[in-house]
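Okay, query.tsv now, which holds TSV, N, CA and C atoms:
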```tsv
chain	number	residue	atom	x	y	z
Y	28	MET	N	-12.70	17.12	-12.61
Y	28	MET	CA	-11.85	15.98	-12.31
Y	28	MET	C	-12.44	15.22	-11.12
Y	29	GLU	N	-12.55	13.92	-11.28
Y	29	GLU	CA	-13.07	13.07	-10.21
Y	29	GLU	C	-11.94	12.73	-9.23
Y	30	ILE	N	-12.20	12.87	-7.95
Y	30	ILE	CA	-11.22	12.52	-6.93
Y	30	ILE	C	-11.52	11.11	-6.45
Y	31	VAL	N	-10.53	10.26	-6.53
Y	31	VAL	CA	-10.65	8.87	-6.09
Y	31	VAL	C	-9.76	8.70	-4.86
Y	32	THR	N	-10.33	8.21	-3.77
Y	32	THR	CA	-9.53	7.99	-2.58
Y	32	THR	C	-9.11	6.53	-2.51
Y	33	GLY	N	-8.05	6.29	-1.78
Y	33	GLY	CA	-7.55	4.94	-1.57
Y	33	GLY	C	-6.60	4.95	-0.39
Y	34	TYR	N	-6.00	3.81	-0.13
Y	34	TYR	CA	-5.03	3.72	0.95
Y	34	TYR	C	-3.66	4.11	0.43
Y	35	ALA	N	-2.97	4.97	1.18
Y	35	ALA	CA	-1.61	5.35	0.81
Y	35	ALA	C	-0.70	4.14	0.99
Y	36	VAL	N	0.19	3.95	0.03
Y	36	VAL	CA	1.17	2.86	0.08
Y	36	VAL	C	2.54	3.44	-0.21
Y	37	VAL	N	3.50	3.11	0.62
Y	37	VAL	CA	4.88	3.52	0.42
Y	37	VAL	C	5.65	2.32	-0.11
Y	38	ILE	N	6.33	2.52	-1.25
Y	38	ILE	CA	7.16	1.46	-1.82
Y	38	ILE	C	8.61	1.92	-1.73
Y	39	GLU	N	9.44	1.08	-1.15
Y	39	GLU	CA	10.86	1.39	-0.97
Y	39	GLU	C	11.69	0.26	-1.56
Y	40	GLY	N	12.93	0.56	-1.89
Y	40	GLY	CA	13.84	-0.47	-2.35
Y	40	GLY	C	14.58	-0.07	-3.59
Y	41	GLU	N	15.08	-1.07	-4.28
Y	41	GLU	CA	15.85	-0.86	-5.51
Y	41	GLU	C	15.67	-2.08	-6.39
Y	42	GLU	N	16.15	-1.99	-7.61
Y	42	GLU	CA	16.00	-3.05	-8.60
Y	42	GLU	C	16.18	-4.43	-7.99
Y	43	GLY	N	15.14	-5.26	-8.07
Y	43	GLY	CA	15.22	-6.63	-7.59
Y	43	GLY	C	14.76	-6.87	-6.17
Y	44	SER	N	14.53	-5.80	-5.39
Y	44	SER	CA	14.13	-5.98	-3.99
Y	44	SER	C	13.31	-4.77	-3.53
Y	45	TYR	N	12.00	-4.94	-3.48
Y	45	TYR	CA	11.11	-3.86	-3.06
Y	45	TYR	C	10.24	-4.30	-1.89
Y	46	SER	N	9.87	-3.34	-1.07
Y	46	SER	CA	8.92	-3.60	0.01
Y	46	SER	C	7.89	-2.48	0.01
Y	47	ALA	N	6.70	-2.80	0.50
Y	47	ALA	CA	5.62	-1.82	0.54
Y	47	ALA	C	4.91	-1.91	1.88
Y	48	TRP	N	4.39	-0.77	2.33
Y	48	TRP	CA	3.63	-0.71	3.56
Y	48	TRP	C	2.64	0.44	3.47
Y	49	SER	N	1.61	0.38	4.31
Y	49	SER	CA	0.59	1.42	4.31
Y	49	SER	C	0.52	2.07	5.68
Y	50	PRO	N	0.73	3.39	5.74
Y	50	PRO	CA	0.63	4.07	7.04
Y	50	PRO	C	-0.78	4.03	7.63
Y	51	GLU	N	-1.78	3.82	6.79
Y	51	GLU	CA	-3.17	3.78	7.27
Y	51	GLU	C	-3.58	2.39	7.75
Y	52	LEU	N	-2.76	1.37	7.42
Y	52	LEU	CA	-3.06	-0.01	7.79
Y	52	LEU	C	-1.85	-0.64	8.47
Y	53	PRO	N	-1.59	-0.30	9.72
Y	53	PRO	CA	-0.42	-0.82	10.42
Y	53	PRO	C	-0.33	-2.35	10.33
Y	54	GLY	N	0.85	-2.85	9.99
Y	54	GLY	CA	1.08	-4.28	9.88
Y	54	GLY	C	0.81	-4.85	8.50
Y	55	CYS	N	0.28	-4.05	7.60
Y	55	CYS	CA	-0.01	-4.50	6.25
Y	55	CYS	C	1.20	-4.21	5.37
Y	56	VAL	N	1.92	-5.27	4.98
Y	56	VAL	CA	3.16	-5.11	4.22
Y	56	VAL	C	3.23	-6.15	3.10
Y	57	ALA	N	4.12	-5.90	2.14
Y	57	ALA	CA	4.35	-6.85	1.05
Y	57	ALA	C	5.75	-6.63	0.49
Y	58	THR	N	6.28	-7.64	-0.18
Y	58	THR	CA	7.58	-7.54	-0.83
Y	58	THR	C	7.46	-8.08	-2.25
Y	59	GLY	N	8.43	-7.71	-3.08
Y	59	GLY	CA	8.44	-8.21	-4.46
Y	59	GLY	C	9.76	-7.90	-5.14
Y	60	ARG	N	10.00	-8.59	-6.26
Y	60	ARG	CA	11.25	-8.39	-7.02
Y	60	ARG	C	11.14	-7.27	-8.04
Y	61	SER	N	9.92	-6.80	-8.31
Y	61	SER	CA	9.72	-5.69	-9.25
Y	61	SER	C	8.65	-4.77	-8.69
Y	62	LEU	N	8.57	-3.57	-9.25
Y	62	LEU	CA	7.52	-2.64	-8.80
Y	62	LEU	C	6.13	-3.22	-9.08
Y	63	ASP	N	5.96	-3.84	-10.24
Y	63	ASP	CA	4.67	-4.45	-10.56
Y	63	ASP	C	4.31	-5.55	-9.56
Y	64	GLU	N	5.31	-6.39	-9.23
Y	64	GLU	CA	5.06	-7.50	-8.31
Y	64	GLU	C	4.71	-6.99	-6.91
Y	65	VAL	N	5.46	-6.02	-6.41
Y	65	VAL	CA	5.18	-5.53	-5.06
Y	65	VAL	C	3.84	-4.80	-5.01
Y	66	GLU	N	3.49	-4.12	-6.09
Y	66	GLU	CA	2.19	-3.44	-6.12
Y	66	GLU	C	1.06	-4.47	-6.11
Y	67	GLN	N	1.16	-5.51	-6.91
Y	67	GLN	CA	0.12	-6.55	-6.93
Y	67	GLN	C	0.03	-7.26	-5.57
Y	68	ARG	N	1.18	-7.58	-5.00
Y	68	ARG	CA	1.17	-8.24	-3.69
Y	68	ARG	C	0.60	-7.34	-2.61
Y	69	MET	N	0.86	-6.04	-2.70
Y	69	MET	CA	0.33	-5.11	-1.70
Y	69	MET	C	-1.18	-4.99	-1.86
Y	70	ARG	N	-1.67	-4.98	-3.08
Y	70	ARG	CA	-3.12	-4.94	-3.30
Y	70	ARG	C	-3.76	-6.17	-2.64
Y	71	GLU	N	-3.16	-7.34	-2.82
Y	71	GLU	CA	-3.66	-8.57	-2.20
Y	71	GLU	C	-3.55	-8.50	-0.67
Y	72	ALA	N	-2.44	-7.92	-0.17
Y	72	ALA	CA	-2.24	-7.80	1.27
Y	72	ALA	C	-3.30	-6.89	1.89
Y	73	ILE	N	-3.64	-5.80	1.20
Y	73	ILE	CA	-4.67	-4.89	1.71
Y	73	ILE	C	-6.01	-5.60	1.78
Y	74	GLU	N	-6.36	-6.32	0.72
Y	74	GLU	CA	-7.63	-7.05	0.72
Y	74	GLU	C	-7.66	-8.07	1.87
Y	75	PHE	N	-6.57	-8.80	2.07
Y	75	PHE	CA	-6.47	-9.79	3.14
Y	75	PHE	C	-6.56	-9.12	4.51
Y	76	HIS	N	-5.86	-8.01	4.67
Y	76	HIS	CA	-5.84	-7.25	5.92
Y	76	HIS	C	-7.26	-6.78	6.27
Y	77	LEU	N	-7.96	-6.20	5.29
Y	77	LEU	CA	-9.31	-5.71	5.54
Y	77	LEU	C	-10.27	-6.85	5.88
Y	78	GLU	N	-10.11	-7.98	5.21
Y	78	GLU	CA	-10.95	-9.14	5.51
Y	78	GLU	C	-10.71	-9.60	6.95
Y	79	GLY	N	-9.45	-9.60	7.39
Y	79	GLY	CA	-9.13	-9.96	8.77
Y	79	GLY	C	-9.76	-9.02	9.77
Y	80	LEU	N	-9.74	-7.72	9.48
Y	80	LEU	CA	-10.38	-6.75	10.35
Y	80	LEU	C	-11.88	-7.02	10.44
Y	81	ARG	N	-12.50	-7.29	9.28
Y	81	ARG	CA	-13.94	-7.59	9.27
Y	81	ARG	C	-14.26	-8.81	10.13
Y	82	LEU	N	-13.47	-9.87	9.94
Y	82	LEU	CA	-13.71	-11.10	10.70
Y	82	LEU	C	-13.54	-10.90	12.20
Y	83	ASP	N	-12.63	-10.00	12.58
Y	83	ASP	CA	-12.40	-9.70	13.99
Y	83	ASP	C	-13.42	-8.71	14.54
Y	84	GLY	N	-14.26	-8.16	13.69
Y	84	GLY	CA	-15.23	-7.16	14.13
Y	84	GLY	C	-14.60	-5.82	14.39
Y	85	ALA	N	-13.41	-5.60	13.86
Y	85	ALA	CA	-12.70	-4.33	14.07
Y	85	ALA	C	-13.15	-3.29	13.05
Y	86	ALA	N	-12.94	-2.05	13.39
Y	86	ALA	CA	-13.29	-0.95	12.48
Y	86	ALA	C	-12.36	-0.97	11.26
Y	87	ILE	N	-12.92	-0.70	10.11
Y	87	ILE	CA	-12.15	-0.61	8.87
Y	87	ILE	C	-11.74	0.86	8.71
Y	88	PRO	N	-10.43	1.14	8.68
Y	88	PRO	CA	-10.00	2.53	8.50
Y	88	PRO	C	-10.49	3.06	7.15
Y	89	ARG	N	-10.98	4.26	7.16
Y	89	ARG	CA	-11.44	4.89	5.92
Y	89	ARG	C	-10.22	5.34	5.12
Y	90	PRO	N	-10.14	4.95	3.84
Y	90	PRO	CA	-9.00	5.40	3.03
Y	90	PRO	C	-9.06	6.91	2.84
Y	91	SER	N	-7.91	7.56	2.98
Y	91	SER	CA	-7.91	9.02	2.91
Y	91	SER	C	-6.93	9.60	1.89
Y	92	ALA	N	-6.12	8.77	1.27
Y	92	ALA	CA	-5.13	9.29	0.32
Y	92	ALA	C	-5.81	9.70	-0.99
Y	93	VAL	N	-5.45	10.85	-1.49
Y	93	VAL	CA	-5.96	11.31	-2.78
Y	93	VAL	C	-4.84	11.51	-3.79
Y	94	ALA	N	-3.60	11.59	-3.33
Y	94	ALA	CA	-2.46	11.73	-4.23
Y	94	ALA	C	-1.18	11.42	-3.48
Y	95	THR	N	-0.20	10.93	-4.21
Y	95	THR	CA	1.13	10.74	-3.64
Y	95	THR	C	2.15	11.37	-4.57
Y	96	VAL	N	3.21	11.84	-3.99
Y	96	VAL	CA	4.24	12.52	-4.77
Y	96	VAL	C	5.61	12.12	-4.22
Y	97	VAL	N	6.54	11.86	-5.12
Y	97	VAL	CA	7.93	11.66	-4.73
Y	97	VAL	C	8.65	12.97	-5.01
Y	98	ILE	N	9.26	13.54	-3.97
Y	98	ILE	CA	9.94	14.83	-4.11
Y	98	ILE	C	11.44	14.59	-4.02
Y	99	PRO	N	12.14	14.67	-5.15
Y	99	PRO	CA	13.59	14.45	-5.12
Y	99	PRO	C	14.30	15.63	-4.45
Y	100	VAL	N	15.25	15.32	-3.58
Y	100	VAL	CA	16.07	16.34	-2.95
Y	100	VAL	C	17.51	15.87	-2.95
Y	101	SER	N	18.42	16.79	-2.90
Y	101	SER	CA	19.83	16.46	-2.86
Y	101	SER	C	20.20	16.00	-1.45
Y	102	ALA	N	20.92	14.89	-1.36
Y	102	ALA	CA	21.33	14.37	-0.05
Y	102	ALA	C	22.64	15.01	0.41
Y	103	ALA	N	23.21	15.84	-0.43
Y	103	ALA	CA	24.49	16.47	-0.09
Y	103	ALA	C	24.34	17.62	0.84
```

What do you get writing this file as structure tokens?
Amino acid sequence: MEIVTGYAVVIEGEEGSYSAWSPELPGCVATGRSLDEVEQRMREAIEFHLEGLRLDGAAIPRPSAVATVVIPVSAA
């Protein structure tokens, strides 16, 4: 199995209102009305964020995420 690394992205929200952020890229956020929309916007936000870092001469954080998991737990 090939391991592919990338930037971790957290998507939060509910039907019609989602937001996304990356713990590895502080300040890189996106919103959308659907999961598909917020994912596409976050992909664009990451590209824009990295380009800004390059232009500023800042270090580009190395992506380290290899998997994400949602673990359901009872809130009771």

Please provide the set of residues having any atom within 8 Å of Y:His76, restricted to all atoms listed in the file, with same-chain residues fewer than 4 positions apart removed, written as a PDB file with N, CA and C atoms, keeping the file's coordinate frame.
```pdb
ATOM      1  N   LEU Y  52      -2.760   1.370   7.420  1.00  0.00           N
ATOM      2  CA  LEU Y  52      -3.060  -0.010   7.790  1.00  0.00           C
ATOM      3  C   LEU Y  52      -1.850  -0.640   8.470  1.00  0.00           C
ATOM      4  N   GLY Y  54       0.850  -2.850   9.990  1.00  0.00           N
ATOM      5  CA  GLY Y  54       1.080  -4.280   9.880  1.00  0.00           C
ATOM      6  C   GLY Y  54       0.810  -4.850   8.500  1.00  0.00           C
ATOM      7  N   CYS Y  55       0.280  -4.050   7.600  1.00  0.00           N
ATOM      8  CA  CYS Y  55      -0.010  -4.500   6.250  1.00  0.00           C
ATOM      9  C   CYS Y  55       1.200  -4.210   5.370  1.00  0.00           C
ATOM     10  N   ARG Y  70      -1.670  -4.980  -3.080  1.00  0.00           N
ATOM     11  CA  ARG Y  70      -3.120  -4.940  -3.300  1.00  0.00           C
ATOM     12  C   ARG Y  70      -3.760  -6.170  -2.640  1.00  0.00           C
ATOM     13  N   GLU Y  71      -3.160  -7.340  -2.820  1.00  0.00           N
ATOM     14  CA  GLU Y  71      -3.660  -8.570  -2.200  1.00  0.00           C
ATOM     15  C   GLU Y  71      -3.550  -8.500  -0.670  1.00  0.00           C
ATOM     16  N   ALA Y  72      -2.440  -7.920  -0.170  1.00  0.00           N
ATOM     17  CA  ALA Y  72      -2.240  -7.800   1.270  1.00  0.00           C
ATOM     18  C   ALA Y  72      -3.300  -6.890   1.890  1.00  0.00           C
ATOM     19  N   LEU Y  80      -9.740  -7.720   9.480  1.00  0.00           N
ATOM     20  CA  LEU Y  80     -10.380  -6.750  10.350  1.00  0.00           C
ATOM     21  C   LEU Y  80     -11.880  -7.020  10.440  1.00  0.00           C
ATOM     22  N   ARG Y  81     -12.500  -7.290   9.280  1.00  0.00           N
ATOM     23  CA  ARG Y  81     -13.940  -7.590   9.270  1.00  0.00           C
ATOM     24  C   ARG Y  81     -14.260  -8.810  10.130  1.00  0.00           C
ATOM     25  N   LEU Y  82     -13.470  -9.870   9.940  1.00  0.00           N
ATOM     26  CA  LEU Y  82     -13.710 -11.100  10.700  1.00  0.00           C
ATOM     27  C   LEU Y  82     -13.540 -10.900  12.200  1.00  0.00           C
TER      28      LEU Y  82
END
```

Checklist entry - Nearest to Y:Ile38: which of Y:Arg89, Y:Gly84, Y:Val96, Y:Ser101 is it, counting only C-alpha atoms? => result Y:Val96

Item to check | Which of stretch 28-101 of chain Y DSSP labels alpha helix (DSSP H), written as a PyMOL selection string | outcome: chain Y and resi 62-83

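Within the 10 Å cut-off around Y:Glu41, using only C-alpha atoms and omitting residues fewer than 4 positions from it on the same chain, the listed residues are Tyr45, Ser46, Arg60, Ser61 and Leu62 of chain Y.
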
Write out, as a short mmCIF file (atom, residue, chain, number, x, y, z; two decimals), in the frame of the given file, the residues just selected, with N, CA and C atoms.
```cif
data_model
loop_
_atom_site.label_atom_id
_atom_site.label_comp_id
_atom_site.auth_asym_id
_atom_site.auth_seq_id
_atom_site.Cartn_x
_atom_site.Cartn_y
_atom_site.Cartn_z
N TYR Y 45 12.00 -4.94 -3.48
CA TYR Y 45 11.11 -3.86 -3.06
C TYR Y 45 10.24 -4.30 -1.89
N SER Y 46 9.87 -3.34 -1.07
CA SER Y 46 8.92 -3.60 0.01
C SER Y 46 7.89 -2.48 0.01
N ARG Y 60 10.00 -8.59 -6.26
CA ARG Y 60 11.25 -8.39 -7.02
C ARG Y 60 11.14 -7.27 -8.04
N SER Y 61 9.92 -6.80 -8.31
CA SER Y 61 9.72 -5.69 -9.25
C SER Y 61 8.65 -4.77 -8.69
N LEU Y 62 8.57 -3.57 -9.25
CA LEU Y 62 7.52 -2.64 -8.80
C LEU Y 62 6.13 -3.22 -9.08
#
```

Checklist outcome for this item: The distance between atom CA of Y:Val36 and atom N of Y:Ser49 is 4.9 Å

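Each of Y:Ala35, Y:Val100, Y:Ala85, Y:Ala94 was compared to Y:Ile73 using only C-alpha atoms, and Y:Ala35 turns out to be the nearest.
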
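For the pair atom C of Y:Ile98 and atom CA of Y:Glu74, the interatomic distance is 29.2 Å.
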